[in-house]
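Colleague: Mind looking over this structure? Questions follow.
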Amino acid sequence: MFNSYGNIIRLTTFGESHGKAIGGVLDGFPSGVRIDMNYIASEMKKRRPGQSEITSQRDENDDVEFLSGIFEGKTTGCPIAFVVWNKGQKPEDYDDMKNVFRPSHADYTYQLKYGIRDYRGGGRASARETVARVVAGALCKLALRAIGINIRAYTSQVGPIKIGKKYHELDLEEADNNVIRCPDAEKAKEMIDFIKQVKDEGDSIGGVVSCVIKGCPIGLGEPVFCKLHAALGNAMLSINAAKGFEYGNGFEELELKGSEQNDMFYNQGGSITTKSNHSGGIQGGISNGQDIYFNVAFKAPASISKQQDSVDLSGQEKTIKIHGRHDPCILPRAAAVVESMAAITLLDFYLLDKTRQM
């Protein structure tokens, strides 16, 4: 029932980490959008594991097979069904965790809620589920690109190491030049070295992914129960390991007076705009035409190789040492998922806004 997201654009995902496949159905997608398969492949590569020593070494090509909704290179307006076959499963890595709960993982809550769980990599609770989101996000980004909306996410913090600059002081394209996806080369090296150290200790680390949306038109979002920032927060917090969301200056504004944080209006050559953008491009739940920017906090991955205390299904106390191929830090791959969920949300709200027009 709750494996779907969206209003007019609606994504339903299916599949488990070590099942046969991960896939989805994207319904409500507009017709006539030209689909660039090379672009989709490049987007999938951003999320794909095994690309560096600071990500999971699971070997997956993540090739997408489209089953419907695309004809002669364009979308038809019919549901777009797609599948990504799992080829690098190693369910045997989880045999010794069949009856033990991993600390801070979804094992315990899934077992209590459903009375059964897929212990192989966490099933639906695995980050592998986000494969379907990136496929759908790539399609939505192609549609948004045609109307001038661009979305860019990057790693801005790993543990205590953070970029000390605002997004407009950075060349965000530089994020493509390192494995941590950080646009500050010096900080990127510090982050990578820190993750390697944490990995060598058998541990994991979290951090922050920042995202910037440029070209968003004025008027997206509803004033009360379907605010744009609330929808973006919902989208981001649905991502595995996401623990926090803030948009605009967020918690930084708590130290500012109203006179310091208010975005003052002025007339720029006949157009009304603001002298600052502390609001993060959204006021009263509605986009105001400025850049939308937000941060998503991700916790350290729960699966670590250090010995930990836990209990088994009968409540017997146990110690657990997790084996297998796990990310010491999910941020390098999470940036692609953040972009994708932002794209699905923005296209959904763009089309929703169109329903108001004659």
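Going by the structure tokens order, chains are called A, B, ..., each with residues numbered from 1, while ligands are numbered from 1 in the order shown.
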If you count only C-alpha atoms, which residues fall within 10 Å of Gly77 in chain A, apart from same-chain ones fewer than 3 positions away, as a ChimeraX atom specification?

Modeller: /A:27-33,69-70,74,80

Colleague: Just the selected residues (N, CA and C atoms), exported as a PDB file, in the first residue's frame, please.

Modeller:
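Full text of part-v3.pdb as output:
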```
ATOM      1  N   ASP A  27       3.929   6.053 -13.249  1.00  0.00           N
ATOM      2  CA  ASP A  27       2.654   6.374 -13.899  1.00  0.00           C
ATOM      3  C   ASP A  27       2.449   7.885 -13.913  1.00  0.00           C
ATOM      4  N   GLY A  28       1.696   8.374 -14.904  1.00  0.00           N
ATOM      5  CA  GLY A  28       1.407   9.797 -15.001  1.00  0.00           C
ATOM      6  C   GLY A  28       2.472  10.608 -15.696  1.00  0.00           C
ATOM      7  N   PHE A  29       3.492   9.942 -16.226  1.00  0.00           N
ATOM      8  CA  PHE A  29       4.590  10.653 -16.876  1.00  0.00           C
ATOM      9  C   PHE A  29       4.102  11.218 -18.211  1.00  0.00           C
ATOM     10  N   PRO A  30       4.434  12.470 -18.521  1.00  0.00           N
ATOM     11  CA  PRO A  30       3.935  13.084 -19.760  1.00  0.00           C
ATOM     12  C   PRO A  30       4.455  12.393 -21.023  1.00  0.00           C
ATOM     13  N   SER A  31       3.683  12.466 -22.075  1.00  0.00           N
ATOM     14  CA  SER A  31       4.080  11.866 -23.349  1.00  0.00           C
ATOM     15  C   SER A  31       5.012  12.802 -24.117  1.00  0.00           C
ATOM     16  N   GLY A  32       5.726  12.225 -25.064  1.00  0.00           N
ATOM     17  CA  GLY A  32       6.546  13.015 -25.979  1.00  0.00           C
ATOM     18  C   GLY A  32       7.908  13.428 -25.459  1.00  0.00           C
ATOM     19  N   VAL A  33       8.296  12.951 -24.273  1.00  0.00           N
ATOM     20  CA  VAL A  33       9.622  13.281 -23.735  1.00  0.00           C
ATOM     21  C   VAL A  33      10.644  12.333 -24.347  1.00  0.00           C
ATOM     22  N   GLY A  69       5.894   1.874 -22.009  1.00  0.00           N
ATOM     23  CA  GLY A  69       5.795   3.322 -21.859  1.00  0.00           C
ATOM     24  C   GLY A  69       6.746   4.143 -22.697  1.00  0.00           C
ATOM     25  N   ILE A  70       7.638   3.479 -23.445  1.00  0.00           N
ATOM     26  CA  ILE A  70       8.579   4.188 -24.319  1.00  0.00           C
ATOM     27  C   ILE A  70       8.508   3.556 -25.699  1.00  0.00           C
ATOM     28  N   LYS A  74      10.647   7.857 -27.364  1.00  0.00           N
ATOM     29  CA  LYS A  74       9.877   8.860 -26.648  1.00  0.00           C
ATOM     30  C   LYS A  74       8.857   8.193 -25.720  1.00  0.00           C
ATOM     31  N   ILE A  80       5.294   3.648 -17.353  1.00  0.00           N
ATOM     32  CA  ILE A  80       6.644   3.216 -17.706  1.00  0.00           C
ATOM     33  C   ILE A  80       7.073   2.165 -16.686  1.00  0.00           C
TER      34      ILE A  80
END
```

Colleague: What residues in range 131-339 of chain A get the DSSP label helix (DSSP H, G or I)? Please answer as a CSV table (one decimal) with N, CA and C atoms, in the first residue's frame.

Modeller:
```csv
chain,number,residue,atom,x,y,z
A,131,VAL,N,17.6,1.9,-6.2
A,131,VAL,CA,17.9,1.8,-7.7
A,131,VAL,C,16.7,2.3,-8.5
A,132,ALA,N,15.5,1.8,-8.1
A,132,ALA,CA,14.2,2.2,-8.8
A,132,ALA,C,14.0,3.7,-8.7
A,133,ARG,N,14.4,4.3,-7.6
A,133,ARG,CA,14.2,5.8,-7.5
A,133,ARG,C,15.1,6.5,-8.5
A,134,VAL,N,16.3,6.0,-8.7
A,134,VAL,CA,17.2,6.7,-9.6
A,134,VAL,C,16.8,6.6,-11.0
A,135,VAL,N,16.2,5.4,-11.4
A,135,VAL,CA,15.7,5.2,-12.7
A,135,VAL,C,14.6,6.3,-13.0
A,136,ALA,N,13.6,6.3,-12.1
A,136,ALA,CA,12.5,7.2,-12.2
A,136,ALA,C,13.0,8.7,-12.1
A,137,GLY,N,14.0,8.9,-11.3
A,137,GLY,CA,14.5,10.3,-11.2
A,137,GLY,C,15.2,10.8,-12.4
A,138,ALA,N,15.9,9.8,-13.1
A,138,ALA,CA,16.5,10.2,-14.4
A,138,ALA,C,15.5,10.6,-15.4
A,139,LEU,N,14.4,9.8,-15.5
A,139,LEU,CA,13.3,10.2,-16.4
A,139,LEU,C,12.8,11.5,-16.1
A,140,CYS,N,12.5,11.8,-14.8
A,140,CYS,CA,11.9,13.1,-14.4
A,140,CYS,C,12.9,14.2,-14.7
A,141,LYS,N,14.2,14.0,-14.5
A,141,LYS,CA,15.2,15.0,-14.8
A,141,LYS,C,15.2,15.4,-16.3
A,142,LEU,N,15.0,14.4,-17.1
A,142,LEU,CA,15.0,14.7,-18.6
A,142,LEU,C,13.8,15.6,-18.9
A,143,ALA,N,12.6,15.3,-18.3
A,143,ALA,CA,11.5,16.1,-18.5
A,143,ALA,C,11.7,17.5,-17.9
A,144,LEU,N,12.3,17.6,-16.7
A,144,LEU,CA,12.5,18.9,-16.1
A,144,LEU,C,13.5,19.8,-16.9
A,145,ARG,N,14.5,19.1,-17.4
A,145,ARG,CA,15.6,19.8,-18.2
A,145,ARG,C,15.0,20.5,-19.4
A,167,TYR,N,26.7,27.2,-1.3
A,167,TYR,CA,26.7,26.6,-2.6
A,167,TYR,C,27.1,27.5,-3.8
A,168,HIS,N,26.7,28.8,-3.7
A,168,HIS,CA,27.0,29.7,-4.8
A,168,HIS,C,28.4,30.1,-4.8
A,169,GLU,N,29.2,29.7,-3.9
A,169,GLU,CA,30.7,30.0,-3.9
A,169,GLU,C,31.4,28.8,-4.5
A,172,LEU,N,29.7,23.5,-8.6
A,172,LEU,CA,29.1,22.2,-8.2
A,172,LEU,C,29.5,21.1,-9.2
A,173,GLU,N,29.9,21.5,-10.5
A,173,GLU,CA,30.3,20.5,-11.4
A,173,GLU,C,31.5,19.7,-11.0
A,174,GLU,N,32.3,20.3,-10.1
A,174,GLU,CA,33.5,19.7,-9.6
A,174,GLU,C,33.2,18.4,-8.8
A,175,ALA,N,32.0,18.3,-8.4
A,175,ALA,CA,31.6,17.1,-7.6
A,175,ALA,C,31.8,15.8,-8.4
A,176,ASP,N,31.8,15.9,-9.7
A,176,ASP,CA,31.9,14.8,-10.6
A,176,ASP,C,33.4,14.3,-10.7
A,177,ASN,N,34.3,15.1,-10.1
A,177,ASN,CA,35.7,14.8,-10.2
A,177,ASN,C,36.3,14.0,-9.1
A,185,ALA,N,37.8,20.3,-3.7
A,185,ALA,CA,38.8,19.3,-3.9
A,185,ALA,C,39.6,19.0,-2.6
A,186,GLU,N,39.9,20.1,-1.9
A,186,GLU,CA,40.7,19.9,-0.7
A,186,GLU,C,39.9,19.2,0.4
A,187,LYS,N,38.7,19.6,0.6
A,187,LYS,CA,37.8,18.9,1.6
A,187,LYS,C,37.5,17.5,1.1
A,188,ALA,N,37.4,17.3,-0.2
A,188,ALA,CA,37.1,15.9,-0.7
A,188,ALA,C,38.2,15.0,-0.3
A,189,LYS,N,39.4,15.4,-0.4
A,189,LYS,CA,40.5,14.5,0.0
A,189,LYS,C,40.5,14.2,1.5
A,190,GLU,N,40.2,15.2,2.3
A,190,GLU,CA,40.0,15.0,3.8
A,190,GLU,C,38.9,14.0,4.0
A,191,MET,N,37.8,14.1,3.4
A,191,MET,CA,36.7,13.3,3.6
A,191,MET,C,37.0,11.8,3.2
A,192,ILE,N,37.6,11.6,2.0
A,192,ILE,CA,38.0,10.3,1.6
A,192,ILE,C,38.9,9.6,2.5
A,193,ASP,N,40.0,10.4,3.0
A,193,ASP,CA,40.9,9.8,3.9
A,193,ASP,C,40.2,9.4,5.2
A,194,PHE,N,39.3,10.2,5.7
A,194,PHE,CA,38.6,9.9,6.9
A,194,PHE,C,37.7,8.7,6.8
A,195,ILE,N,37.0,8.5,5.7
A,195,ILE,CA,36.2,7.3,5.4
A,195,ILE,C,37.1,6.1,5.4
A,196,LYS,N,38.2,6.2,4.7
A,196,LYS,CA,39.1,5.0,4.7
A,196,LYS,C,39.6,4.6,6.1
A,197,GLN,N,39.9,5.6,6.9
A,197,GLN,CA,40.3,5.3,8.3
A,197,GLN,C,39.1,4.7,9.1
A,198,VAL,N,37.9,5.2,8.9
A,198,VAL,CA,36.8,4.6,9.6
A,198,VAL,C,36.5,3.2,9.1
A,199,LYS,N,36.7,2.9,7.8
A,199,LYS,CA,36.5,1.6,7.3
A,199,LYS,C,37.5,0.6,7.8
A,200,ASP,N,38.8,1.1,7.9
A,200,ASP,CA,39.8,0.2,8.5
A,200,ASP,C,39.6,-0.2,9.9
A,228,LEU,N,5.5,22.8,-0.7
A,228,LEU,CA,6.6,22.2,-1.5
A,228,LEU,C,7.7,21.7,-0.6
A,229,HIS,N,8.1,22.5,0.4
A,229,HIS,CA,9.2,22.1,1.3
A,229,HIS,C,8.8,20.9,2.1
A,230,ALA,N,7.5,20.7,2.5
A,230,ALA,CA,7.1,19.6,3.2
A,230,ALA,C,7.1,18.3,2.3
A,231,ALA,N,6.8,18.5,1.0
A,231,ALA,CA,6.9,17.4,0.1
A,231,ALA,C,8.3,17.0,-0.1
A,232,LEU,N,9.2,17.9,-0.2
A,232,LEU,CA,10.6,17.6,-0.4
A,232,LEU,C,11.2,16.9,0.8
A,233,GLY,N,10.7,17.4,2.0
A,233,GLY,CA,11.1,16.7,3.3
A,233,GLY,C,10.6,15.3,3.3
A,234,ASN,N,9.4,15.1,2.9
A,234,ASN,CA,8.8,13.7,2.9
A,234,ASN,C,9.7,12.8,1.9
A,235,ALA,N,10.0,13.4,0.8
A,235,ALA,CA,10.8,12.6,-0.2
A,235,ALA,C,12.1,12.2,0.3
A,236,MET,N,12.8,13.2,0.9
A,236,MET,CA,14.2,13.0,1.4
A,236,MET,C,14.2,12.0,2.6
A,237,LEU,N,13.2,12.2,3.5
A,237,LEU,CA,13.2,11.3,4.7
A,237,LEU,C,12.7,9.9,4.4
A,250,GLY,N,17.6,27.2,7.3
A,250,GLY,CA,17.3,26.2,8.3
A,250,GLY,C,17.6,26.6,9.7
A,251,PHE,N,18.3,25.8,10.4
A,251,PHE,CA,18.6,26.0,11.8
A,251,PHE,C,19.6,27.2,12.0
A,252,GLU,N,20.3,27.6,11.0
A,252,GLU,CA,21.2,28.8,11.1
A,252,GLU,C,20.4,30.0,11.5
A,253,GLU,N,19.1,30.1,11.0
A,253,GLU,CA,18.3,31.3,11.2
A,253,GLU,C,17.9,31.5,12.7
A,254,LEU,N,18.0,30.5,13.5
A,254,LEU,CA,17.6,30.6,14.9
A,254,LEU,C,18.4,31.7,15.6
A,255,GLU,N,19.6,32.0,15.1
A,255,GLU,CA,20.4,33.0,15.8
A,255,GLU,C,20.2,34.4,15.2
A,258,GLY,N,14.6,38.9,12.9
A,258,GLY,CA,13.8,39.0,11.7
A,258,GLY,C,14.4,40.0,10.7
A,259,SER,N,14.9,41.1,11.2
A,259,SER,CA,15.5,42.1,10.3
A,259,SER,C,16.7,41.6,9.6
A,260,GLU,N,17.4,40.5,10.1
A,260,GLU,CA,18.6,39.9,9.5
A,260,GLU,C,18.2,38.8,8.6
A,261,GLN,N,17.1,38.1,8.8
A,261,GLN,CA,16.8,36.9,8.0
A,261,GLN,C,15.8,37.2,7.0
A,331,LEU,N,27.1,8.4,1.6
A,331,LEU,CA,27.0,9.7,1.0
A,331,LEU,C,27.4,9.7,-0.5
A,332,PRO,N,28.5,9.1,-0.9
A,332,PRO,CA,28.9,9.1,-2.3
A,332,PRO,C,27.8,8.7,-3.2
A,333,ARG,N,27.0,7.7,-2.8
A,333,ARG,CA,25.9,7.2,-3.6
A,333,ARG,C,24.5,7.8,-3.3
A,334,ALA,N,24.4,8.4,-2.1
A,334,ALA,CA,23.2,9.0,-1.7
A,334,ALA,C,22.8,10.3,-2.5
A,335,ALA,N,23.9,11.0,-3.0
A,335,ALA,CA,23.6,12.2,-3.7
A,335,ALA,C,22.8,12.0,-4.9
A,336,ALA,N,23.0,10.8,-5.6
A,336,ALA,CA,22.2,10.5,-6.8
A,336,ALA,C,20.7,10.3,-6.4
A,337,VAL,N,20.5,9.7,-5.2
A,337,VAL,CA,19.1,9.4,-4.8
A,337,VAL,C,18.4,10.7,-4.4
A,338,VAL,N,19.2,11.6,-3.7
A,338,VAL,CA,18.6,12.9,-3.3
A,338,VAL,C,18.1,13.6,-4.6
A,339,GLU,N,19.0,13.7,-5.6
A,339,GLU,CA,18.6,14.3,-6.8
A,339,GLU,C,17.4,13.7,-7.4
```

Colleague: Find the residues near Asn240 in chain A: any atom within 8 Å, counting only C-alpha atoms, skip ones fewer than 5 places away on the same chain, and give them as an MDAnalysis selection string.

Modeller: chainID A and resid 125:127

Colleague: Convert the current residue selection to file output with N, CA and C atoms, as a PDB file, in the first residue's frame.

Modeller:
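Result saved to part-v6.pdb:
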```pdb
ATOM      1  N   ALA A 125      14.378  -2.870   3.154  1.00  0.00           N
ATOM      2  CA  ALA A 125      15.040  -1.853   3.961  1.00  0.00           C
ATOM      3  C   ALA A 125      16.467  -1.579   3.481  1.00  0.00           C
ATOM      4  N   SER A 126      16.893  -2.304   2.464  1.00  0.00           N
ATOM      5  CA  SER A 126      18.239  -2.123   1.920  1.00  0.00           C
ATOM      6  C   SER A 126      18.307  -0.889   1.029  1.00  0.00           C
ATOM      7  N   ALA A 127      19.470  -0.272   0.978  1.00  0.00           N
ATOM      8  CA  ALA A 127      19.687   0.862   0.073  1.00  0.00           C
ATOM      9  C   ALA A 127      19.560   0.446  -1.386  1.00  0.00           C
TER      10      ALA A 127
END
```

Colleague: Extract, using only C-alpha atoms, all DNA, RNA and protein residues at most 10 Å from range 275-283 of chain A, discarding same-chain residues fewer than 2 positions from it, and format them as a PDB file with N, CA and C atoms, in the first residue's frame.

Modeller:
```
ATOM      1  N   VAL A 212      20.749  21.662  -4.660  1.00  0.00           N
ATOM      2  CA  VAL A 212      20.363  22.971  -5.202  1.00  0.00           C
ATOM      3  C   VAL A 212      19.482  22.754  -6.427  1.00  0.00           C
ATOM      4  N   ILE A 213      18.352  23.426  -6.470  1.00  0.00           N
ATOM      5  CA  ILE A 213      17.430  23.357  -7.612  1.00  0.00           C
ATOM      6  C   ILE A 213      17.365  24.739  -8.245  1.00  0.00           C
ATOM      7  N   LYS A 214      17.784  24.831  -9.495  1.00  0.00           N
ATOM      8  CA  LYS A 214      17.778  26.104 -10.214  1.00  0.00           C
ATOM      9  C   LYS A 214      16.713  26.073 -11.318  1.00  0.00           C
ATOM     10  N   CYS A 216      13.462  26.763 -11.001  1.00  0.00           N
ATOM     11  CA  CYS A 216      12.105  26.385 -10.597  1.00  0.00           C
ATOM     12  C   CYS A 216      11.178  27.587 -10.761  1.00  0.00           C
ATOM     13  N   PRO A 217      10.067  27.430 -11.448  1.00  0.00           N
ATOM     14  CA  PRO A 217       9.151  28.561 -11.640  1.00  0.00           C
ATOM     15  C   PRO A 217       8.439  28.946 -10.350  1.00  0.00           C
ATOM     16  N   ILE A 218       7.882  30.130 -10.329  1.00  0.00           N
ATOM     17  CA  ILE A 218       7.100  30.598  -9.189  1.00  0.00           C
ATOM     18  C   ILE A 218       5.767  29.844  -9.138  1.00  0.00           C
ATOM     19  N   GLY A 219       5.339  29.475  -7.946  1.00  0.00           N
ATOM     20  CA  GLY A 219       3.989  28.956  -7.778  1.00  0.00           C
ATOM     21  C   GLY A 219       3.844  27.481  -7.511  1.00  0.00           C
ATOM     22  N   LEU A 220       4.938  26.726  -7.417  1.00  0.00           N
ATOM     23  CA  LEU A 220       4.809  25.298  -7.143  1.00  0.00           C
ATOM     24  C   LEU A 220       4.633  25.081  -5.646  1.00  0.00           C
ATOM     25  N   GLY A 221       3.669  24.269  -5.282  1.00  0.00           N
ATOM     26  CA  GLY A 221       3.389  24.003  -3.872  1.00  0.00           C
ATOM     27  C   GLY A 221       2.056  24.585  -3.462  1.00  0.00           C
ATOM     28  N   PRO A 223      -0.523  26.032  -0.179  1.00  0.00           N
ATOM     29  CA  PRO A 223      -0.286  26.885   0.989  1.00  0.00           C
ATOM     30  C   PRO A 223      -0.424  26.227   2.360  1.00  0.00           C
ATOM     31  N   LYS A 227       2.621  21.703   1.159  1.00  0.00           N
ATOM     32  CA  LYS A 227       3.672  22.691   0.923  1.00  0.00           C
ATOM     33  C   LYS A 227       4.845  22.038   0.192  1.00  0.00           C
ATOM     34  N   LEU A 228       5.502  22.809  -0.664  1.00  0.00           N
ATOM     35  CA  LEU A 228       6.596  22.244  -1.450  1.00  0.00           C
ATOM     36  C   LEU A 228       7.728  21.748  -0.562  1.00  0.00           C
ATOM     37  N   HIS A 229       8.097  22.531   0.445  1.00  0.00           N
ATOM     38  CA  HIS A 229       9.201  22.087   1.304  1.00  0.00           C
ATOM     39  C   HIS A 229       8.814  20.861   2.129  1.00  0.00           C
ATOM     40  N   GLU A 246      16.542  20.070   6.252  1.00  0.00           N
ATOM     41  CA  GLU A 246      16.359  21.502   6.446  1.00  0.00           C
ATOM     42  C   GLU A 246      16.478  22.198   5.099  1.00  0.00           C
ATOM     43  N   TYR A 247      15.675  23.238   4.905  1.00  0.00           N
ATOM     44  CA  TYR A 247      15.757  23.981   3.652  1.00  0.00           C
ATOM     45  C   TYR A 247      16.045  25.447   3.956  1.00  0.00           C
ATOM     46  N   GLY A 248      16.580  26.143   2.957  1.00  0.00           N
ATOM     47  CA  GLY A 248      17.007  27.516   3.194  1.00  0.00           C
ATOM     48  C   GLY A 248      18.100  27.544   4.246  1.00  0.00           C
ATOM     49  N   ASN A 249      18.122  28.606   5.041  1.00  0.00           N
ATOM     50  CA  ASN A 249      19.136  28.690   6.098  1.00  0.00           C
ATOM     51  C   ASN A 249      18.836  27.772   7.271  1.00  0.00           C
ATOM     52  N   GLY A 250      17.627  27.214   7.298  1.00  0.00           N
ATOM     53  CA  GLY A 250      17.303  26.209   8.307  1.00  0.00           C
ATOM     54  C   GLY A 250      17.616  26.635   9.721  1.00  0.00           C
ATOM     55  N   GLU A 252      20.298  27.595  10.999  1.00  0.00           N
ATOM     56  CA  GLU A 252      21.188  28.756  11.121  1.00  0.00           C
ATOM     57  C   GLU A 252      20.395  30.010  11.476  1.00  0.00           C
ATOM     58  N   GLU A 253      19.138  30.096  11.022  1.00  0.00           N
ATOM     59  CA  GLU A 253      18.339  31.301  11.218  1.00  0.00           C
ATOM     60  C   GLU A 253      17.889  31.484  12.662  1.00  0.00           C
ATOM     61  N   GLU A 260      17.352  40.519  10.144  1.00  0.00           N
ATOM     62  CA  GLU A 260      18.556  39.943   9.535  1.00  0.00           C
ATOM     63  C   GLU A 260      18.231  38.805   8.572  1.00  0.00           C
ATOM     64  N   GLN A 261      17.144  38.089   8.837  1.00  0.00           N
ATOM     65  CA  GLN A 261      16.836  36.913   8.025  1.00  0.00           C
ATOM     66  C   GLN A 261      15.778  37.166   6.953  1.00  0.00           C
ATOM     67  N   ASN A 262      15.021  38.255   7.065  1.00  0.00           N
ATOM     68  CA  ASN A 262      13.994  38.545   6.066  1.00  0.00           C
ATOM     69  C   ASN A 262      14.610  38.821   4.699  1.00  0.00           C
ATOM     70  N   ASP A 263      13.997  38.263   3.658  1.00  0.00           N
ATOM     71  CA  ASP A 263      14.456  38.507   2.289  1.00  0.00           C
ATOM     72  C   ASP A 263      13.749  39.746   1.754  1.00  0.00           C
ATOM     73  N   MET A 264      14.482  40.856   1.700  1.00  0.00           N
ATOM     74  CA  MET A 264      13.904  42.140   1.314  1.00  0.00           C
ATOM     75  C   MET A 264      13.604  42.192  -0.183  1.00  0.00           C
ATOM     76  N   PHE A 265      12.423  42.694  -0.523  1.00  0.00           N
ATOM     77  CA  PHE A 265      12.030  42.831  -1.927  1.00  0.00           C
ATOM     78  C   PHE A 265      12.592  44.119  -2.526  1.00  0.00           C
ATOM     79  N   TYR A 266      12.852  44.065  -3.836  1.00  0.00           N
ATOM     80  CA  TYR A 266      13.212  45.286  -4.560  1.00  0.00           C
ATOM     81  C   TYR A 266      12.860  45.106  -6.038  1.00  0.00           C
ATOM     82  N   ASN A 267      12.836  46.205  -6.760  1.00  0.00           N
ATOM     83  CA  ASN A 267      12.481  46.205  -8.173  1.00  0.00           C
ATOM     84  C   ASN A 267      13.753  46.149  -9.009  1.00  0.00           C
ATOM     85  N   GLN A 268      13.928  45.047  -9.730  1.00  0.00           N
ATOM     86  CA  GLN A 268      15.115  44.874 -10.566  1.00  0.00           C
ATOM     87  C   GLN A 268      14.699  44.987 -12.036  1.00  0.00           C
ATOM     88  N   THR A 273      12.043  41.062  -7.135  1.00  0.00           N
ATOM     89  CA  THR A 273      12.893  39.967  -6.651  1.00  0.00           C
ATOM     90  C   THR A 273      13.352  40.307  -5.236  1.00  0.00           C
ATOM     91  N   GLY A 285       5.228  27.863   1.678  1.00  0.00           N
ATOM     92  CA  GLY A 285       5.034  26.553   1.068  1.00  0.00           C
ATOM     93  C   GLY A 285       5.030  26.566  -0.444  1.00  0.00           C
ATOM     94  N   ILE A 286       5.272  27.752  -1.049  1.00  0.00           N
ATOM     95  CA  ILE A 286       5.191  27.913  -2.502  1.00  0.00           C
ATOM     96  C   ILE A 286       6.516  28.439  -3.037  1.00  0.00           C
ATOM     97  N   SER A 287       6.978  27.892  -4.159  1.00  0.00           N
ATOM     98  CA  SER A 287       8.244  28.338  -4.750  1.00  0.00           C
ATOM     99  C   SER A 287       8.138  29.796  -5.189  1.00  0.00           C
ATOM    100  N   ASN A 288       9.229  30.558  -4.981  1.00  0.00           N
ATOM    101  CA  ASN A 288       9.191  31.988  -5.295  1.00  0.00           C
ATOM    102  C   ASN A 288      10.091  32.368  -6.475  1.00  0.00           C
ATOM    103  N   GLY A 289      10.634  31.376  -7.154  1.00  0.00           N
ATOM    104  CA  GLY A 289      11.469  31.647  -8.318  1.00  0.00           C
ATOM    105  C   GLY A 289      12.955  31.709  -8.028  1.00  0.00           C
ATOM    106  N   GLN A 290      13.330  31.791  -6.763  1.00  0.00           N
ATOM    107  CA  GLN A 290      14.738  31.778  -6.386  1.00  0.00           C
ATOM    108  C   GLN A 290      15.248  30.332  -6.353  1.00  0.00           C
ATOM    109  N   ASP A 291      16.566  30.191  -6.222  1.00  0.00           N
ATOM    110  CA  ASP A 291      17.142  28.847  -6.071  1.00  0.00           C
ATOM    111  C   ASP A 291      16.552  28.176  -4.831  1.00  0.00           C
ATOM    112  N   ILE A 292      16.177  26.917  -4.985  1.00  0.00           N
ATOM    113  CA  ILE A 292      15.761  26.108  -3.836  1.00  0.00           C
ATOM    114  C   ILE A 292      16.987  25.331  -3.369  1.00  0.00           C
ATOM    115  N   TYR A 293      17.285  25.412  -2.092  1.00  0.00           N
ATOM    116  CA  TYR A 293      18.428  24.636  -1.585  1.00  0.00           C
ATOM    117  C   TYR A 293      18.080  24.034  -0.227  1.00  0.00           C
ATOM    118  N   PHE A 294      18.591  22.827  -0.008  1.00  0.00           N
ATOM    119  CA  PHE A 294      18.288  22.127   1.238  1.00  0.00           C
ATOM    120  C   PHE A 294      19.398  21.133   1.567  1.00  0.00           C
TER     121      PHE A 294
END
```

Colleague: Neighbouring residues of Lys299 in chain A were defined as those with any atom within 7 Å, considering only C-alpha atoms; residues of the same chain fewer than 4 positions away were excluded. Please report them as an NGL selection string.

Modeller: :A and (206-207 or 241-243)

Colleague: Mind dumping the selected residues with N, CA, C and O atoms as an mmCIF file, in the first residue's frame?

Modeller:
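Below is the file that was written, again17.cif:
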```cif
data_model
loop_
_atom_site.group_PDB
_atom_site.id
_atom_site.type_symbol
_atom_site.label_atom_id
_atom_site.label_comp_id
_atom_site.auth_asym_id
_atom_site.auth_seq_id
_atom_site.Cartn_x
_atom_site.Cartn_y
_atom_site.Cartn_z
ATOM 1 N N GLY A 206 28.495 8.961 8.990
ATOM 2 C CA GLY A 206 27.440 9.651 8.263
ATOM 3 C C GLY A 206 27.862 11.039 7.828
ATOM 4 O O GLY A 206 29.048 11.366 7.843
ATOM 5 N N GLY A 207 26.887 11.861 7.467
ATOM 6 C CA GLY A 207 27.197 13.206 7.008
ATOM 7 C C GLY A 207 26.002 13.879 6.373
ATOM 8 O O GLY A 207 24.851 13.523 6.666
ATOM 9 N N ALA A 241 18.339 5.653 5.784
ATOM 10 C CA ALA A 241 19.361 6.273 6.635
ATOM 11 C C ALA A 241 19.252 7.789 6.733
ATOM 12 O O ALA A 241 20.065 8.417 7.407
ATOM 13 N N ALA A 242 18.258 8.417 6.076
ATOM 14 C CA ALA A 242 18.067 9.863 6.215
ATOM 15 C C ALA A 242 17.537 10.167 7.610
ATOM 16 O O ALA A 242 16.590 9.541 8.075
ATOM 17 N N LYS A 243 18.140 11.135 8.279
ATOM 18 C CA LYS A 243 17.762 11.439 9.663
ATOM 19 C C LYS A 243 17.299 12.879 9.858
ATOM 20 O O LYS A 243 16.734 13.207 10.898
#
```

Colleague: Using Å and a single decimal, report how far CA of Asp36 in chain A sits from CA of Arg48 in chain A.

Modeller: 18.6 Å

Colleague: Just how far from CA of Arg181 in chain A is CA of Arg34 in chain A, in Å to one decimal?

Modeller: 27.8 Å

Colleague: I need the residue nearest Ser303 in chain A from this list: A:Gly122, A:Gly115, A:Gly270, A:Gly148. Use only C-alpha atoms for the distance.

Modeller: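 Answer, going by the shortest atom-to-atom distance: A:Gly122.
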
Colleague: Interatomic distance between CA of Gly23 in chain A and CA of Ala41 in chain A?

Modeller: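 Rounded to one decimal, the two atoms are 15.1 Å apart.
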
Colleague: Return the single residue from A:Tyr39, A:Tyr154, A:Phe101, A:Phe298 that is closest to Lys321 in chain A, with distances computed using only C-alpha atoms.

Modeller: A:Phe101

Colleague: Choose the residue, out of A:Lys87, A:Lys318, A:Arg120, A:Lys45, that has the smallest atom-to-atom separation from Val100 in chain A; count only C-alpha atoms.

Modeller: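 That would be A:Lys318, the residue with the smallest distance to Val100 in chain A.
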
Colleague: From the list A:Ile163, A:Cys182, A:Leu347, A:Cys226, which residue is nearest Ile9 in chain A when using only C-alpha atoms?

Modeller: A:Leu347
